[in-house]
Amino acid sequence: MTADPDDPGLDGALLLPPIRGALPADDPRTVATLHAYTEQLTDDHFAYRFRHDDRHLGAAKGAFLLCGFVTALAEHQQGHETSAYRWFERNRAACGPPGLFSEEYDVAQRQMRGNLPQAFVHALMLECAARLAEPWHQGCRT
């Protein structure tokens, strides 16, 4: 459940291998990682990539929108449709007036942080919208 063997901390990037087909959805590591991630690195359907220190998640950094959409995909892969839609809509709403996403979103101040526009967030939002429209296909590798 860690990205670096020398760092015991959880990282949102660990949700990607099963989504991209490197691990099966029913692998115990896949299920345990998603559960640990949503328990430790999310708050009110906003996701943080990793814990920076002992402060509340939002005090150190903004919510990492890329991870919010990845969490939606991971929930969808597990068959948790309602949760997947909730993750998607919560993070989709964290855009600016013209519909552009930044890298991070300050949940408390309701404002964008970091790089704007963030192309990776836009790409993953579009992938997420397309995938949530259909049942998850286990053989699909994107």
# chains A, B, ... in the order shown; residues from 1 in each chain; ligands from 1
>>> select_by_dssp(residues="chain A", states="alpha helix (DSSP H)", output="PyMOL selection string")
chain A and resi 16-19+28-40+57-60+65-77+81-92+119-132
>>> write_last_selection(atoms="C-alpha atoms", output="PDB file, in the first residue's frame")
ATOM      1  CA  LEU A  16      -3.897   3.681 -10.744  1.00  0.00           C
ATOM      2  CA  PRO A  17      -2.367   0.204 -11.323  1.00  0.00           C
ATOM      3  CA  PRO A  18      -5.694  -1.655 -11.067  1.00  0.00           C
ATOM      4  CA  ILE A  19      -7.491   0.993 -13.137  1.00  0.00           C
ATOM      5  CA  PRO A  28      -6.906  -8.153  -2.116  1.00  0.00           C
ATOM      6  CA  ARG A  29      -4.237  -5.438  -2.539  1.00  0.00           C
ATOM      7  CA  THR A  30      -6.531  -3.459  -4.835  1.00  0.00           C
ATOM      8  CA  VAL A  31      -9.443  -3.619  -2.425  1.00  0.00           C
ATOM      9  CA  ALA A  32      -7.282  -2.888   0.648  1.00  0.00           C
ATOM     10  CA  THR A  33      -5.550   0.063  -1.009  1.00  0.00           C
ATOM     11  CA  LEU A  34      -8.829   1.689  -2.045  1.00  0.00           C
ATOM     12  CA  HIS A  35     -10.253   1.181   1.435  1.00  0.00           C
ATOM     13  CA  ALA A  36      -7.155   2.556   3.183  1.00  0.00           C
ATOM     14  CA  TYR A  37      -6.955   5.496   0.799  1.00  0.00           C
ATOM     15  CA  THR A  38     -10.580   6.552   1.245  1.00  0.00           C
ATOM     16  CA  GLU A  39     -10.240   6.168   5.018  1.00  0.00           C
ATOM     17  CA  GLN A  40      -6.964   8.066   5.423  1.00  0.00           C
ATOM     18  CA  LEU A  57      -5.472  17.161   5.305  1.00  0.00           C
ATOM     19  CA  GLY A  58      -6.735  20.502   3.967  1.00  0.00           C
ATOM     20  CA  ALA A  59      -4.396  22.574   6.136  1.00  0.00           C
ATOM     21  CA  ALA A  60      -1.251  21.425   4.336  1.00  0.00           C
ATOM     22  CA  LEU A  65      -8.466  16.923  -8.150  1.00  0.00           C
ATOM     23  CA  LEU A  66      -6.667  14.284 -10.184  1.00  0.00           C
ATOM     24  CA  CYS A  67      -6.936  11.917  -7.218  1.00  0.00           C
ATOM     25  CA  GLY A  68     -10.638  12.684  -6.829  1.00  0.00           C
ATOM     26  CA  PHE A  69     -11.330  11.501 -10.365  1.00  0.00           C
ATOM     27  CA  VAL A  70      -9.044   8.478  -9.912  1.00  0.00           C
ATOM     28  CA  THR A  71     -11.026   7.573  -6.791  1.00  0.00           C
ATOM     29  CA  ALA A  72     -14.237   7.780  -8.824  1.00  0.00           C
ATOM     30  CA  LEU A  73     -12.753   5.357 -11.352  1.00  0.00           C
ATOM     31  CA  ALA A  74     -11.552   3.006  -8.591  1.00  0.00           C
ATOM     32  CA  GLU A  75     -14.997   2.969  -6.968  1.00  0.00           C
ATOM     33  CA  HIS A  76     -16.586   2.345 -10.365  1.00  0.00           C
ATOM     34  CA  GLN A  77     -14.190  -0.544 -10.994  1.00  0.00           C
ATOM     35  CA  GLU A  81     -21.683   3.066  -8.725  1.00  0.00           C
ATOM     36  CA  THR A  82     -23.321   5.522  -6.321  1.00  0.00           C
ATOM     37  CA  SER A  83     -20.003   6.256  -4.657  1.00  0.00           C
ATOM     38  CA  ALA A  84     -18.285   6.641  -8.039  1.00  0.00           C
ATOM     39  CA  TYR A  85     -20.881   9.190  -9.184  1.00  0.00           C
ATOM     40  CA  ARG A  86     -20.603  11.062  -5.888  1.00  0.00           C
ATOM     41  CA  TRP A  87     -16.801  11.280  -6.251  1.00  0.00           C
ATOM     42  CA  PHE A  88     -17.135  12.396  -9.856  1.00  0.00           C
ATOM     43  CA  GLU A  89     -19.721  15.111  -9.202  1.00  0.00           C
ATOM     44  CA  ARG A  90     -17.977  16.461  -6.123  1.00  0.00           C
ATOM     45  CA  ASN A  91     -14.698  16.926  -7.976  1.00  0.00           C
ATOM     46  CA  ARG A  92     -16.323  18.057 -11.212  1.00  0.00           C
ATOM     47  CA  ALA A 119      -4.595  19.440 -18.576  1.00  0.00           C
ATOM     48  CA  PHE A 120      -4.179  16.130 -16.725  1.00  0.00           C
ATOM     49  CA  VAL A 121      -7.216  16.876 -14.555  1.00  0.00           C
ATOM     50  CA  HIS A 122      -9.282  17.759 -17.618  1.00  0.00           C
ATOM     51  CA  ALA A 123      -8.232  14.559 -19.392  1.00  0.00           C
ATOM     52  CA  LEU A 124      -9.050  12.371 -16.397  1.00  0.00           C
ATOM     53  CA  MET A 125     -12.383  14.125 -15.866  1.00  0.00           C
ATOM     54  CA  LEU A 126     -13.318  13.324 -19.485  1.00  0.00           C
ATOM     55  CA  GLU A 127     -12.171   9.691 -19.126  1.00  0.00           C
ATOM     56  CA  CYS A 128     -14.120   9.405 -15.898  1.00  0.00           C
ATOM     57  CA  ALA A 129     -17.294  10.818 -17.493  1.00  0.00           C
ATOM     58  CA  ALA A 130     -17.036   8.350 -20.378  1.00  0.00           C
ATOM     59  CA  ARG A 131     -16.314   5.329 -18.168  1.00  0.00           C
ATOM     60  CA  LEU A 132     -19.051   6.084 -15.640  1.00  0.00           C
TER      61      LEU A 132
END
>>> atom_distance(atom1="atom CA of A:Ala93", atom2="atom CA of A:Ala25")
27.5 Å
>>> residues_around(residues="stretch 100-116 of chain A", least_positions_apart="3", cutoff="6 Å", atoms="only C-alpha atoms", output="MDAnalysis selection string")
chainID A and resid 62:65 95:96
>>> write_last_selection(atoms="all heavy atoms", output="PDB file, in the first residue's frame")
ATOM      1  N   GLY A  62      -4.175  21.729  -0.873  1.00  0.00           N
ATOM      2  CA  GLY A  62      -5.538  21.627  -1.366  1.00  0.00           C
ATOM      3  C   GLY A  62      -5.834  20.200  -1.788  1.00  0.00           C
ATOM      4  O   GLY A  62      -4.932  19.377  -1.941  1.00  0.00           O
ATOM      5  N   ALA A  63      -7.124  19.919  -1.972  1.00  0.00           N
ATOM      6  CA  ALA A  63      -7.514  18.612  -2.492  1.00  0.00           C
ATOM      7  C   ALA A  63      -6.918  18.468  -3.886  1.00  0.00           C
ATOM      8  O   ALA A  63      -6.908  19.402  -4.671  1.00  0.00           O
ATOM      9  CB  ALA A  63      -9.033  18.497  -2.538  1.00  0.00           C
ATOM     10  N   PHE A  64      -6.419  17.296  -4.188  1.00  0.00           N
ATOM     11  CA  PHE A  64      -5.770  17.021  -5.468  1.00  0.00           C
ATOM     12  C   PHE A  64      -6.846  16.472  -6.404  1.00  0.00           C
ATOM     13  O   PHE A  64      -7.264  15.327  -6.277  1.00  0.00           O
ATOM     14  CB  PHE A  64      -4.635  16.018  -5.238  1.00  0.00           C
ATOM     15  CG  PHE A  64      -3.555  16.063  -6.269  1.00  0.00           C
ATOM     16  CD1 PHE A  64      -2.790  17.191  -6.462  1.00  0.00           C
ATOM     17  CD2 PHE A  64      -3.285  14.944  -7.031  1.00  0.00           C
ATOM     18  CE1 PHE A  64      -1.780  17.223  -7.407  1.00  0.00           C
ATOM     19  CE2 PHE A  64      -2.276  14.952  -7.983  1.00  0.00           C
ATOM     20  CZ  PHE A  64      -1.524  16.101  -8.166  1.00  0.00           C
ATOM     21  N   LEU A  65      -7.327  17.297  -7.319  1.00  0.00           N
ATOM     22  CA  LEU A  65      -8.466  16.923  -8.150  1.00  0.00           C
ATOM     23  C   LEU A  65      -8.214  15.676  -8.985  1.00  0.00           C
ATOM     24  O   LEU A  65      -9.134  14.881  -9.200  1.00  0.00           O
ATOM     25  CB  LEU A  65      -8.882  18.099  -9.025  1.00  0.00           C
ATOM     26  CG  LEU A  65      -9.402  19.312  -8.239  1.00  0.00           C
ATOM     27  CD1 LEU A  65      -9.725  20.450  -9.180  1.00  0.00           C
ATOM     28  CD2 LEU A  65     -10.602  18.940  -7.387  1.00  0.00           C
ATOM     29  N   CYS A  95     -14.480  23.355 -10.280  1.00  0.00           N
ATOM     30  CA  CYS A  95     -13.866  24.090 -11.388  1.00  0.00           C
ATOM     31  C   CYS A  95     -14.210  25.568 -11.277  1.00  0.00           C
ATOM     32  O   CYS A  95     -15.075  25.959 -10.500  1.00  0.00           O
ATOM     33  CB  CYS A  95     -14.336  23.540 -12.734  1.00  0.00           C
ATOM     34  SG  CYS A  95     -16.089  23.735 -13.021  1.00  0.00           S
ATOM     35  N   GLY A  96     -13.539  26.380 -12.063  1.00  0.00           N
ATOM     36  CA  GLY A  96     -13.811  27.807 -12.096  1.00  0.00           C
ATOM     37  C   GLY A  96     -14.992  28.124 -13.002  1.00  0.00           C
ATOM     38  O   GLY A  96     -15.537  27.238 -13.663  1.00  0.00           O
TER      39      GLY A  96
END
>>> select_by_dssp(residues="chain A", states="strand (DSSP E)", output="MDAnalysis selection string")
chainID A and resid 42:43 46:47 63:64 104:106 111:113
>>> closest_residue(among="A:Pro117, A:Pro135, A:Gly12, A:Pro98", to="A:His80", atoms="only C-alpha atoms")
A:Pro135
>>> atom_distance(atom1="atom CA of A:Trp136", atom2="atom CA of A:Gln78")
8.4 Å
>>> atom_distance(atom1="atom CA of A:Ala47", atom2="atom CA of A:Ala94")
11.9 Å
>>> closest_residue(among="A:Gly99, A:Asp27, A:Gln118, A:Tyr48", to="A:Leu10", atoms="only C-alpha atoms")
A:Tyr48
